file query_18.csv (CSV, C-alpha atoms and all ligand atoms)
chain,number,residue,atom,x,y,z
A,1,MET,CA,0.0,0.0,0.0
A,2,ASN,CA,2.8,2.4,0.9
A,3,SER,CA,4.5,1.9,-2.4
A,4,SER,CA,1.5,3.6,-4.1
A,5,PRO,CA,2.9,6.4,-6.3
A,6,LEU,CA,-0.3,8.6,-5.8
A,7,GLY,CA,0.1,12.3,-6.6
A,8,ILE,CA,-1.1,15.3,-8.6
A,9,VAL,CA,0.6,18.1,-10.5
A,10,CYS,CA,-1.2,21.2,-11.8
A,11,HIS,CA,-0.4,24.2,-13.9
A,12,ALA,CA,-2.0,27.5,-14.5
A,13,GLY,CA,-0.2,28.7,-17.6
A,14,ALA,CA,3.3,29.6,-18.8
A,15,GLY,CA,4.4,33.2,-19.5
A,16,THR,CA,5.4,36.0,-17.3
A,17,ILE,CA,3.6,36.1,-14.0
A,18,ASP,CA,3.4,39.2,-11.8
A,19,ASP,CA,1.1,38.2,-9.0
A,20,LYS,CA,2.9,34.9,-8.2
A,21,ALA,CA,1.4,34.6,-4.7
A,22,ALA,CA,-2.2,34.7,-6.0
A,23,TYR,CA,-1.4,32.2,-8.7
A,24,ALA,CA,0.2,29.9,-6.1
A,25,ALA,CA,-2.8,30.3,-3.7
A,26,GLY,CA,-5.2,29.2,-6.5
A,27,LEU,CA,-3.0,26.2,-7.4
A,28,THR,CA,-2.7,25.1,-3.8
A,29,GLU,CA,-6.5,25.0,-3.5
A,30,ALA,CA,-6.8,22.8,-6.6
A,31,ILE,CA,-3.9,20.5,-5.7
A,32,ASP,CA,-5.1,20.0,-2.2
A,33,GLU,CA,-8.5,19.0,-3.3
A,34,GLY,CA,-7.2,16.6,-6.0
A,35,TYR,CA,-4.8,15.0,-3.6
A,36,ARG,CA,-7.5,14.7,-0.9
A,37,LEU,CA,-9.7,12.9,-3.3
A,38,LEU,CA,-6.9,10.6,-4.4
A,39,ARG,CA,-6.2,9.8,-0.7
A,40,GLN,CA,-9.9,8.9,-0.4
A,41,SER,CA,-9.6,6.4,-3.2
A,42,ALA,CA,-10.9,8.6,-6.0
A,43,ASN,CA,-9.5,7.6,-9.4
A,44,ALA,CA,-7.1,9.8,-11.4
A,45,MET,CA,-9.8,11.1,-13.7
A,46,GLU,CA,-11.9,12.2,-10.8
A,47,ALA,CA,-8.9,14.0,-9.2
A,48,VAL,CA,-7.9,15.9,-12.3
A,49,VAL,CA,-11.5,17.0,-13.1
A,50,ALA,CA,-11.9,18.3,-9.5
A,51,ALA,CA,-8.7,20.2,-9.7
A,52,VAL,CA,-9.4,21.7,-13.1
A,53,THR,CA,-12.9,22.7,-12.0
A,54,ILE,CA,-11.5,24.6,-9.1
A,55,MET,CA,-9.1,26.5,-11.3
A,56,GLU,CA,-11.8,27.2,-13.9
A,57,ASP,CA,-13.8,28.9,-11.1
A,58,ASN,CA,-10.8,31.1,-10.2
A,59,PRO,CA,-11.2,34.4,-12.2
A,60,LEU,CA,-7.4,34.8,-12.1
A,61,TYR,CA,-6.9,32.1,-14.7
A,62,ASP,CA,-7.7,32.0,-18.4
A,63,ALA,CA,-10.2,29.1,-18.2
A,64,GLY,CA,-13.9,29.0,-17.2
A,65,THR,CA,-14.6,32.2,-15.3
A,66,GLY,CA,-12.0,34.8,-16.5
A,67,SER,CA,-11.5,33.3,-19.9
A,68,ASP,CA,-9.8,35.5,-22.5
A,69,LEU,CA,-11.9,36.8,-25.3
A,70,THR,CA,-11.8,36.7,-29.1
A,71,ILE,CA,-11.1,39.9,-31.0
A,72,ASP,CA,-14.8,40.5,-31.2
A,73,GLY,CA,-15.3,40.0,-27.5
A,74,GLN,CA,-16.7,36.4,-27.5
A,75,VAL,CA,-16.1,33.6,-25.1
A,76,GLU,CA,-14.9,30.3,-26.8
A,77,MET,CA,-13.4,27.8,-24.4
A,78,ASP,CA,-11.5,24.6,-25.1
A,79,ALA,CA,-11.1,21.7,-22.6
A,80,SER,CA,-10.3,18.0,-22.7
A,81,LEU,CA,-9.4,15.1,-20.6
A,82,MET,CA,-7.8,11.7,-21.2
A,83,THR,CA,-7.1,8.5,-19.3
A,84,GLN,CA,-4.2,6.1,-19.8
A,85,GLU,CA,-6.5,3.5,-21.5
A,86,GLY,CA,-7.2,6.0,-24.3
A,87,ARG,CA,-10.6,7.3,-23.1
A,88,PHE,CA,-10.9,10.9,-24.3
A,89,GLY,CA,-13.5,13.7,-24.2
A,90,GLY,CA,-13.2,17.3,-25.4
A,91,VAL,CA,-15.1,20.5,-26.2
A,92,ALA,CA,-13.9,23.2,-28.5
A,93,GLY,CA,-15.1,26.8,-28.7
A,94,ILE,CA,-17.8,26.2,-26.1
A,95,THR,CA,-19.7,29.1,-24.7
A,96,GLY,CA,-22.4,29.7,-22.0
A,97,VAL,CA,-21.1,27.1,-19.5
A,98,LYS,CA,-19.3,27.6,-16.2
A,99,ASN,CA,-17.1,24.5,-16.4
A,100,PRO,CA,-16.0,23.3,-19.8
A,101,ILE,CA,-14.1,20.4,-18.3
A,102,LEU,CA,-17.3,18.9,-16.8
A,103,VAL,CA,-18.8,19.0,-20.3
A,104,ALA,CA,-15.7,17.4,-21.8
A,105,GLN,CA,-16.1,14.7,-19.1
A,106,LYS,CA,-19.7,14.1,-20.3
A,107,VAL,CA,-18.5,13.8,-23.9
A,108,MET,CA,-16.2,11.1,-22.7
A,109,THR,CA,-18.7,9.2,-20.5
A,110,GLU,CA,-22.0,9.8,-22.4
A,111,THR,CA,-21.2,9.9,-26.1
A,112,ASP,CA,-19.4,7.8,-28.7
A,113,HIS,CA,-17.5,10.9,-29.8
A,114,LEU,CA,-14.2,12.4,-28.8
A,115,LEU,CA,-14.6,16.1,-29.5
A,116,VAL,CA,-17.7,18.3,-29.7
A,117,CYS,CA,-17.5,22.0,-30.8
A,118,GLY,CA,-19.3,25.3,-30.9
A,119,LEU,CA,-23.1,25.5,-30.7
A,120,GLY,CA,-23.3,21.7,-30.7
A,121,ALA,CA,-21.2,21.6,-27.6
A,122,THR,CA,-23.4,24.1,-25.8
A,123,GLU,CA,-26.5,22.3,-26.9
A,124,PHE,CA,-25.0,19.0,-25.6
A,125,ALA,CA,-24.2,20.8,-22.3
A,126,ARG,CA,-27.8,21.9,-21.9
A,127,LYS,CA,-29.0,18.4,-22.5
A,128,MET,CA,-26.6,17.2,-19.8
A,129,GLY,CA,-28.1,19.7,-17.4
A,130,PHE,CA,-25.5,22.5,-17.4
A,131,GLU,CA,-27.1,25.9,-16.9
A,132,ASP,CA,-26.3,29.0,-18.9
A,133,TYR,CA,-23.4,30.9,-17.3
A,134,ASN,CA,-21.6,34.1,-18.2
A,135,VAL,CA,-17.8,33.7,-17.5
A,136,VAL,CA,-16.8,37.1,-18.8
A,137,THR,CA,-14.9,39.2,-16.2
A,138,GLU,CA,-13.9,42.9,-16.2
A,139,ARG,CA,-10.3,41.8,-16.2
A,140,ALA,CA,-10.8,39.8,-19.4
A,141,ARG,CA,-12.5,42.8,-21.1
A,142,THR,CA,-9.6,45.1,-20.1
A,143,ARG,CA,-7.1,42.6,-21.5
A,144,LEU,CA,-9.0,42.5,-24.8
A,145,GLN,CA,-9.2,46.3,-24.9
A,146,LYS,CA,-5.4,46.6,-24.6
A,147,VAL,CA,-5.2,44.4,-27.7
A,148,VAL,CA,-7.8,46.4,-29.6
A,149,ASP,CA,-6.1,49.7,-28.6
A,150,HIS,CA,-2.5,48.7,-29.3
A,151,GLY,CA,-2.9,46.1,-31.9
A,152,SER,CA,0.3,44.2,-32.9
A,153,LYS,CA,2.5,46.5,-31.0
A,154,TYR,CA,1.0,45.1,-27.8
A,155,PHE,CA,1.8,41.6,-28.9
A,156,LEU,CA,5.3,42.6,-29.7
A,157,LYS,CA,5.7,44.0,-26.3
A,158,MET,CA,4.3,40.9,-24.7
A,159,ASN,CA,6.7,38.7,-26.7
A,160,GLN,CA,9.6,40.8,-25.5
A,161,GLN,CA,8.5,40.2,-22.0
A,162,ARG,CA,8.2,36.5,-22.6
A,163,PHE,CA,11.7,36.3,-24.2
A,164,PRO,CA,13.7,39.0,-22.4
A,165,ASP,CA,16.8,38.2,-24.5
A,166,GLY,CA,14.9,39.8,-27.4
A,167,ALA,CA,14.2,36.7,-29.4
A,168,PRO,CA,11.6,37.6,-32.0
A,169,PRO,CA,8.6,35.4,-32.8
A,170,THR,CA,9.7,32.7,-35.3
A,171,PRO,CA,8.5,33.0,-38.9
A,172,GLU,CA,6.8,29.6,-38.5
A,173,ALA,CA,4.7,31.0,-35.7
A,174,GLY,CA,2.5,32.4,-38.5
A,175,ALA,CA,0.2,35.4,-38.5
A,176,LEU,CA,-1.6,34.7,-35.2
A,177,PRO,CA,-0.5,36.7,-32.2
A,178,GLN,CA,1.5,34.7,-29.7
A,179,PRO,CA,-0.1,34.2,-26.2
A,180,GLY,CA,0.0,37.1,-23.9
A,181,SER,CA,2.5,37.6,-21.1
A,182,LYS,CA,-0.1,36.9,-18.4
A,183,MET,CA,-1.2,33.4,-18.7
A,184,GLY,CA,-3.7,31.2,-17.2
A,185,THR,CA,-4.6,28.1,-19.2
A,186,VAL,CA,-5.0,25.3,-16.5
A,187,GLY,CA,-4.2,21.7,-16.4
A,188,ALA,CA,-3.8,18.7,-14.0
A,189,VAL,CA,-2.2,15.3,-14.2
A,190,ALA,CA,-2.8,12.7,-11.6
A,191,ILE,CA,-1.7,9.1,-10.7
A,192,ASP,CA,-4.0,7.2,-8.4
A,193,LYS,CA,-3.3,4.5,-5.8
A,194,HIS,CA,-3.6,1.8,-8.5
A,195,GLY,CA,-1.0,3.6,-10.6
A,196,ASN,CA,-3.6,4.8,-13.2
A,197,LEU,CA,-3.0,8.1,-15.0
A,198,ALA,CA,-5.3,10.8,-16.2
A,199,VAL,CA,-4.9,14.4,-17.5
A,200,ALA,CA,-7.2,17.3,-18.0
A,201,THR,CA,-6.6,20.7,-19.6
A,202,SER,CA,-8.9,23.8,-19.9
A,203,SER,CA,-8.3,27.2,-21.6
A,204,GLY,CA,-10.1,30.4,-22.5
A,205,GLY,CA,-7.7,30.6,-25.4
A,206,ILE,CA,-5.4,33.5,-26.5
A,207,VAL,CA,-6.7,37.0,-26.0
A,208,GLY,CA,-7.8,38.8,-29.2
A,209,ARG,CA,-7.6,35.7,-31.4
A,210,MET,CA,-9.9,35.2,-34.4
A,211,ARG,CA,-13.4,34.0,-33.7
A,212,GLY,CA,-13.6,30.2,-34.3
A,213,ARG,CA,-9.9,29.5,-33.6
A,214,VAL,CA,-9.4,26.3,-31.6
A,215,GLY,CA,-6.3,25.9,-29.4
A,216,ASP,CA,-4.3,22.8,-28.3
A,217,SER,CA,-6.2,22.4,-25.0
A,218,ALA,CA,-9.1,20.7,-26.8
A,219,ILE,CA,-6.9,18.5,-29.0
A,220,LEU,CA,-5.9,14.9,-28.3
A,221,GLY,CA,-2.1,14.6,-28.4
A,222,ALA,CA,-1.5,18.4,-28.5
A,223,GLY,CA,-2.5,20.0,-25.2
A,224,THR,CA,-3.7,16.7,-23.6
A,225,TYR,CA,-2.4,13.2,-23.8
A,226,ALA,CA,-2.3,10.0,-21.7
A,227,GLY,CA,-1.0,6.6,-22.5
A,228,LEU,CA,0.3,3.6,-20.6
A,229,SER,CA,3.8,5.2,-20.3
A,230,GLY,CA,2.6,8.6,-18.9
A,231,ALA,CA,0.3,11.6,-19.1
A,232,VAL,CA,1.0,15.3,-19.9
A,233,SER,CA,-0.9,18.6,-20.1
A,234,CYS,CA,0.6,21.5,-22.1
A,235,THR,CA,0.3,25.3,-22.1
A,236,GLY,CA,1.7,28.0,-24.4
A,237,HIS,CA,1.4,28.8,-28.0
A,238,GLY,CA,-1.4,26.4,-29.1
A,239,GLU,CA,-0.6,26.5,-32.8
A,240,GLU,CA,3.0,25.3,-32.2
A,241,ILE,CA,1.9,22.7,-29.6
A,242,MET,CA,-0.6,21.3,-32.2
A,243,ARG,CA,1.9,21.4,-35.0
A,244,ARG,CA,4.2,19.2,-33.0
A,245,SER,CA,1.7,17.1,-30.9
A,246,LEU,CA,3.8,18.0,-27.9
A,247,ALA,CA,1.9,16.2,-25.2
A,248,ARG,CA,2.0,13.0,-27.2
A,249,ASP,CA,5.7,13.6,-28.1
A,250,ILE,CA,6.6,13.7,-24.4
A,251,VAL,CA,4.5,10.7,-23.5
A,252,GLU,CA,5.9,8.6,-26.4
A,253,ARG,CA,9.4,9.3,-25.2
A,254,MET,CA,8.4,8.0,-21.7
A,255,LYS,CA,8.3,4.5,-23.2
A,256,THR,CA,12.1,4.5,-23.2
A,257,MET,CA,13.1,7.0,-20.6
A,258,PRO,CA,12.0,8.6,-17.3
A,259,GLY,CA,9.4,11.4,-17.6
A,260,SER,CA,11.8,14.0,-16.4
A,261,THR,CA,14.3,13.2,-19.2
A,262,ALA,CA,11.5,13.2,-21.8
A,263,MET,CA,10.3,16.5,-20.6
A,264,THR,CA,13.8,18.0,-20.5
A,265,LEU,CA,14.5,17.0,-24.1
A,266,VAL,CA,11.2,18.3,-25.5
A,267,VAL,CA,11.5,21.6,-23.6
A,268,ALA,CA,15.1,22.1,-24.8
A,269,GLU,CA,13.9,21.5,-28.4
A,270,ALA,CA,11.0,24.0,-27.9
A,271,ARG,CA,13.5,26.5,-26.4
A,272,ARG,CA,15.8,26.2,-29.4
A,273,LYS,CA,12.8,26.8,-31.7
A,274,LYS,CA,11.8,29.8,-29.5
A,275,LEU,CA,8.3,28.4,-28.8
A,276,ALA,CA,6.3,29.7,-25.8
A,277,PHE,CA,5.7,26.4,-24.1
A,278,GLY,CA,5.2,24.7,-20.8
A,279,ALA,CA,4.1,21.2,-19.7
A,280,ILE,CA,3.5,19.0,-16.6
A,281,GLY,CA,3.2,15.3,-16.3
A,282,PHE,CA,3.7,12.0,-14.6
A,283,ASP,CA,5.4,8.9,-16.0
A,284,ALA,CA,3.8,5.5,-15.3
A,285,ARG,CA,6.1,4.9,-12.3
A,286,GLY,CA,4.9,8.1,-10.7
A,287,GLY,CA,7.9,10.1,-11.7
A,288,ILE,CA,6.9,13.8,-11.9
A,289,CYS,CA,8.0,16.1,-14.7
A,290,TYR,CA,7.6,19.7,-15.6
A,291,GLY,CA,9.3,22.3,-17.7
A,292,HIS,CA,8.9,25.6,-19.6
A,293,THR,CA,10.6,27.8,-22.1
A,294,THR,CA,8.9,31.0,-20.8
A,295,PRO,CA,10.2,33.1,-17.9
A,296,ASP,CA,7.6,31.6,-15.6
A,297,MET,CA,5.2,28.8,-15.4
A,298,ALA,CA,2.6,28.6,-12.6
A,299,TYR,CA,2.7,25.0,-11.4
A,300,GLY,CA,2.7,22.9,-8.2
A,301,TYR,CA,2.4,19.3,-7.1
A,302,LYS,CA,1.8,17.1,-4.2
A,303,VAL,CA,3.4,13.7,-3.7
A,304,ALA,CA,4.1,11.8,-0.5
A,305,GLU,CA,2.1,14.4,1.5
A,306,ARG,CA,4.5,17.2,0.4
A,307,LEU,CA,3.2,20.2,-1.5
A,308,PHE,CA,5.7,22.0,-3.8
A,309,LEU,CA,4.9,25.3,-5.6
A,310,PHE,CA,6.7,27.1,-8.4
A,311,THR,CA,7.3,30.0,-6.1
A,312,GLU,CA,9.9,27.8,-4.4
A,313,GLU,CA,11.7,27.3,-7.6
A,314,LYS,CA,15.2,28.5,-7.0
A,315,LEU,CA,17.1,27.6,-10.0
A,316,ARG,CA,15.9,27.6,-13.6
A,317,ILE,CA,18.0,25.4,-15.9
A,318,ARG,CA,18.4,27.3,-19.1
A,401,LIG,N1,-2.4,26.9,-25.2
A,401,LIG,C1,-3.5,27.9,-25.1
A,401,LIG,C2,-4.0,28.2,-26.5
A,401,LIG,O1,-3.2,28.3,-27.4
A,401,LIG,C3,-3.0,29.2,-24.4
A,401,LIG,C4,-2.1,29.0,-23.2
A,401,LIG,O2,-1.8,27.9,-22.9
A,401,LIG,O3,-1.8,30.0,-22.7
A,401,LIG,O4,-5.2,28.4,-26.6

call {"tool": "encode", "arguments": {"input": "query_18.csv", "output": "structure tokens", "more": "lines below"}}
Ligand code: ASP
result
Amino acid sequence: MNSSPLGIVCHAGAGTIDDKAAYAAGLTEAIDEGYRLLRQSANAMEAVVAAVTIMEDNPLYDAGTGSDLTIDGQVEMDASLMTQEGRFGGVAGITGVKNPILVAQKVMTETDHLLVCGLGATEFARKMGFEDYNVVTERARTRLQKVVDHGSKYFLKMNQQRFPDGAPPTPEAGALPQPGSKMGTVGAVAIDKHGNLAVATSSGGIVGRMRGRVGDSAILGAGTYAGLSGAVSCTGHGEEIMRRSLARDIVERMKTMPGSTAMTLVVAEARRKKLAFGAIGFDARGGICYGHTTPDMAYGYKVAERLFLFTEEKLRIR
């Protein structure tokens, strides 16, 4: 019994974080609840859904309440979850619900589909009993207004903050703005007392993006992936994460190496390509892993009764 690898790791986005204490407090709440459930014999899926739901309800983060808006001021949220046996559920561009991750869970448990989008996703949520809910906050409106007022210059400034050494966005990053400097996509990965793995990710998307754009947080293998060798949740520039199937890339590598090595290799490659990227995960043995190319990533974990938060991070390996 004591050899159980039980644990949970959560993130609340990668970028430059000013209010670190507030980000850490929100993470602590989510991690503690996920861990408490795991201790009470909840399975990994139940733990990650509970943790992500708590973070979606925190207006500080870009997921659920507080979601970032499209260029025309709309809410379109992405969320997904996956278990190590390959069960998956996702919603893309959903609006009018409080907790996209709970709808994604229903897609997994109540339908034959993997991913439901847009109006169809909202209609499905209503059928499942989810009430209409407005997640727009004043802070999200202000963030969008900055984009509208300053246009691409604002994104340029944010990119300079994300890469203080002055690295410009790569040509392959395309025409889309890169994610803002204040981040808040959320994710959780857990391993339960039976050694089963699950992952959940939820995002309000990148501020000021085009309407209809879907990010990696809804996509199997991109922002969310679990397999028998491990489970990973990603955050950062969704287009680049999708292009490279980064969550799956890390988990695939875990077949032949510890999670921490797999993570280090993929993060180093992302850094060379100047991608804004961060990820968390567990390998099948309960080995925890995390990494980011951005100045900060809000993350924390609890294993063997000990809580660790990113605010304790002393040394960043470059
Ligand atoms: N990955 C998210 C997206 O591209 C944003 C983020 O993680 O900050 O929608």

call {"tool": "atom_distance", "arguments": {"input": "query_18.csv", "atom1": "atom O1 of ligand LIG 401 (chain A)", "atom2": "atom CA of A:Phe277"}}
result
9.7 Å

call {"tool": "atom_distance", "arguments": {"input": "query_18.csv", "atom1": "atom CA of A:Val103", "atom2": "atom CA of A:Gly86"}}
result
17.9 Å

call {"tool": "closest_residue", "arguments": {"input": "query_18.csv", "among": "A:Gln84, A:Gln40, A:Gln105, A:Asn99", "to": "A:Arg248", "atoms": "all atoms listed in the file"}}
result
A:Gln84

call {"tool": "residues_near_ligand", "arguments": {"input": "query_18.csv", "ligand": "ligand LIG 401 (chain A)", "cutoff": "8 Å", "atoms": "all atoms listed in the file", "output": "PyMOL selection string"}}
result
chain A and resi 13-15+62+78+179-180+183-186+203-206+214-217+223+234-239+241+277-278

call {"tool": "residues_around", "arguments": {"input": "query_18.csv", "residues": "A:Arg143", "least_positions_apart": "4", "cutoff": "8 Å", "atoms": "all atoms listed in the file", "output": "count of residues only"}}
result
4

call {"tool": "residues_around", "arguments": {"input": "query_18.csv", "residues": "A:Phe130", "least_positions_apart": "3", "cutoff": "10 Å", "atoms": "only C-alpha atoms", "output": "PDB file with C-alpha atoms, keeping the file's coordinate frame"}}
result
ATOM      1  CA  GLY A  96     -22.400  29.700 -22.000  1.00  0.00           C
ATOM      2  CA  VAL A  97     -21.100  27.100 -19.500  1.00  0.00           C
ATOM      3  CA  LYS A  98     -19.300  27.600 -16.200  1.00  0.00           C
ATOM      4  CA  ASN A  99     -17.100  24.500 -16.400  1.00  0.00           C
ATOM      5  CA  PRO A 100     -16.000  23.300 -19.800  1.00  0.00           C
ATOM      6  CA  LEU A 102     -17.300  18.900 -16.800  1.00  0.00           C
ATOM      7  CA  VAL A 103     -18.800  19.000 -20.300  1.00  0.00           C
ATOM      8  CA  THR A 122     -23.400  24.100 -25.800  1.00  0.00           C
ATOM      9  CA  GLU A 123     -26.500  22.300 -26.900  1.00  0.00           C
ATOM     10  CA  PHE A 124     -25.000  19.000 -25.600  1.00  0.00           C
ATOM     11  CA  ALA A 125     -24.200  20.800 -22.300  1.00  0.00           C
ATOM     12  CA  ARG A 126     -27.800  21.900 -21.900  1.00  0.00           C
ATOM     13  CA  LYS A 127     -29.000  18.400 -22.500  1.00  0.00           C
ATOM     14  CA  TYR A 133     -23.400  30.900 -17.300  1.00  0.00           C
TER      15      TYR A 133
END

call {"tool": "atom_distance", "arguments": {"input": "query_18.csv", "atom1": "atom CA of A:Ser41", "atom2": "atom CA of A:Gly259"}}
result
24.4 Å

call {"tool": "residues_around", "arguments": {"input": "query_18.csv", "residues": "stretch 298-305 of chain A", "least_positions_apart": "2", "cutoff": "6 Å", "atoms": "all atoms listed in the file", "output": "list in words"}}
result
Gly7, Ile8, Val9, Cys10, His11, Ala12, Gly13, Leu307, Phe308, Leu309 and Phe310 of chain A

call {"tool": "closest_residue", "arguments": {"input": "query_18.csv", "among": "A:Asp249, A:Asp19, A:Asp296, A:Asp192", "to": "A:Arg36", "atoms": "all atoms listed in the file"}}
result
A:Asp192

call {"tool": "closest_residue", "arguments": {"input": "query_18.csv", "among": "A:Gly291, A:Gly286, A:Gly90, A:Pro59", "to": "A:Ala262", "atoms": "only C-alpha atoms"}}
result
A:Gly291

call {"tool": "residues_near_point", "arguments": {"input": "query_18.csv", "point": "(-5.5, 10.0, -20.6)", "cutoff": "10 Å", "atoms": "all atoms listed in the file", "output": "ChimeraX atom specification"}}
result
/A:44-45,80-89,189-190,196-200,220-221,224-228,230-233

call {"tool": "residues_around", "arguments": {"input": "query_18.csv", "residues": "A:Thr311", "least_positions_apart": "5", "cutoff": "8 Å", "atoms": "all atoms listed in the file", "output": "number ranges by chain"}}
result
A: 20-21, 24

call {"tool": "build_atoms", "arguments": {"input": "query_18.csv", "residues": "stretch 192-209 of chain A", "atoms": "N, CA, C and O atoms", "output": "PDB file, in the frame of the given file"}}
result
ATOM      1  N   ASP A 192      -3.245   7.676  -9.562  1.00  0.00           N
ATOM      2  CA  ASP A 192      -4.000   7.200  -8.400  1.00  0.00           C
ATOM      3  C   ASP A 192      -3.316   6.061  -7.686  1.00  0.00           C
ATOM      4  O   ASP A 192      -2.239   5.606  -8.102  1.00  0.00           O
ATOM      5  N   LYS A 193      -3.945   5.561  -6.641  1.00  0.00           N
ATOM      6  CA  LYS A 193      -3.300   4.500  -5.800  1.00  0.00           C
ATOM      7  C   LYS A 193      -3.087   3.214  -6.567  1.00  0.00           C
ATOM      8  O   LYS A 193      -2.295   2.380  -6.152  1.00  0.00           O
ATOM      9  N   HIS A 194      -3.824   3.048  -7.674  1.00  0.00           N
ATOM     10  CA  HIS A 194      -3.600   1.800  -8.500  1.00  0.00           C
ATOM     11  C   HIS A 194      -2.590   2.081  -9.589  1.00  0.00           C
ATOM     12  O   HIS A 194      -2.358   1.205 -10.425  1.00  0.00           O
ATOM     13  N   GLY A 195      -2.036   3.285  -9.615  1.00  0.00           N
ATOM     14  CA  GLY A 195      -1.000   3.600 -10.600  1.00  0.00           C
ATOM     15  C   GLY A 195      -1.658   4.025 -11.960  1.00  0.00           C
ATOM     16  O   GLY A 195      -0.976   4.136 -12.974  1.00  0.00           O
ATOM     17  N   ASN A 196      -2.993   4.305 -11.959  1.00  0.00           N
ATOM     18  CA  ASN A 196      -3.600   4.800 -13.200  1.00  0.00           C
ATOM     19  C   ASN A 196      -3.444   6.265 -13.367  1.00  0.00           C
ATOM     20  O   ASN A 196      -3.482   7.027 -12.400  1.00  0.00           O
ATOM     21  N   LEU A 197      -3.295   6.671 -14.640  1.00  0.00           N
ATOM     22  CA  LEU A 197      -3.000   8.100 -15.000  1.00  0.00           C
ATOM     23  C   LEU A 197      -4.175   8.736 -15.664  1.00  0.00           C
ATOM     24  O   LEU A 197      -4.884   8.097 -16.442  1.00  0.00           O
ATOM     25  N   ALA A 198      -4.340  10.041 -15.409  1.00  0.00           N
ATOM     26  CA  ALA A 198      -5.300  10.800 -16.200  1.00  0.00           C
ATOM     27  C   ALA A 198      -4.830  12.261 -16.259  1.00  0.00           C
ATOM     28  O   ALA A 198      -4.032  12.711 -15.423  1.00  0.00           O
ATOM     29  N   VAL A 199      -5.313  12.971 -17.270  1.00  0.00           N
ATOM     30  CA  VAL A 199      -4.900  14.400 -17.500  1.00  0.00           C
ATOM     31  C   VAL A 199      -6.136  15.164 -17.919  1.00  0.00           C
ATOM     32  O   VAL A 199      -7.025  14.644 -18.604  1.00  0.00           O
ATOM     33  N   ALA A 200      -6.178  16.435 -17.506  1.00  0.00           N
ATOM     34  CA  ALA A 200      -7.200  17.300 -18.000  1.00  0.00           C
ATOM     35  C   ALA A 200      -6.627  18.724 -18.203  1.00  0.00           C
ATOM     36  O   ALA A 200      -5.710  19.139 -17.484  1.00  0.00           O
ATOM     37  N   THR A 201      -7.118  19.412 -19.243  1.00  0.00           N
ATOM     38  CA  THR A 201      -6.600  20.700 -19.600  1.00  0.00           C
ATOM     39  C   THR A 201      -7.816  21.620 -19.957  1.00  0.00           C
ATOM     40  O   THR A 201      -8.776  21.123 -20.564  1.00  0.00           O
ATOM     41  N   SER A 202      -7.768  22.908 -19.598  1.00  0.00           N
ATOM     42  CA  SER A 202      -8.900  23.800 -19.900  1.00  0.00           C
ATOM     43  C   SER A 202      -8.332  25.204 -20.200  1.00  0.00           C
ATOM     44  O   SER A 202      -7.449  25.687 -19.487  1.00  0.00           O
ATOM     45  N   SER A 203      -8.873  25.862 -21.235  1.00  0.00           N
ATOM     46  CA  SER A 203      -8.300  27.200 -21.600  1.00  0.00           C
ATOM     47  C   SER A 203      -9.423  28.075 -22.185  1.00  0.00           C
ATOM     48  O   SER A 203     -10.321  27.615 -22.900  1.00  0.00           O
ATOM     49  N   GLY A 204      -9.281  29.364 -21.876  1.00  0.00           N
ATOM     50  CA  GLY A 204     -10.100  30.400 -22.500  1.00  0.00           C
ATOM     51  C   GLY A 204      -9.515  30.838 -23.826  1.00  0.00           C
ATOM     52  O   GLY A 204     -10.078  31.681 -24.521  1.00  0.00           O
ATOM     53  N   GLY A 205      -8.343  30.291 -24.172  1.00  0.00           N
ATOM     54  CA  GLY A 205      -7.700  30.600 -25.400  1.00  0.00           C
ATOM     55  C   GLY A 205      -6.827  31.899 -25.328  1.00  0.00           C
ATOM     56  O   GLY A 205      -6.686  32.488 -24.270  1.00  0.00           O
ATOM     57  N   ILE A 206      -6.267  32.289 -26.456  1.00  0.00           N
ATOM     58  CA  ILE A 206      -5.400  33.500 -26.500  1.00  0.00           C
ATOM     59  C   ILE A 206      -6.225  34.720 -26.699  1.00  0.00           C
ATOM     60  O   ILE A 206      -7.113  34.758 -27.557  1.00  0.00           O
ATOM     61  N   VAL A 207      -5.917  35.752 -25.920  1.00  0.00           N
ATOM     62  CA  VAL A 207      -6.700  37.000 -26.000  1.00  0.00           C
ATOM     63  C   VAL A 207      -6.586  37.612 -27.408  1.00  0.00           C
ATOM     64  O   VAL A 207      -5.514  37.660 -27.996  1.00  0.00           O
ATOM     65  N   GLY A 208      -7.736  38.040 -27.926  1.00  0.00           N
ATOM     66  CA  GLY A 208      -7.800  38.800 -29.200  1.00  0.00           C
ATOM     67  C   GLY A 208      -7.576  37.875 -30.431  1.00  0.00           C
ATOM     68  O   GLY A 208      -7.326  38.366 -31.529  1.00  0.00           O
ATOM     69  N   ARG A 209      -7.742  36.577 -30.261  1.00  0.00           N
ATOM     70  CA  ARG A 209      -7.600  35.700 -31.400  1.00  0.00           C
ATOM     71  C   ARG A 209      -8.839  35.814 -32.329  1.00  0.00           C
ATOM     72  O   ARG A 209      -9.848  36.397 -31.929  1.00  0.00           O
TER      73      ARG A 209
END
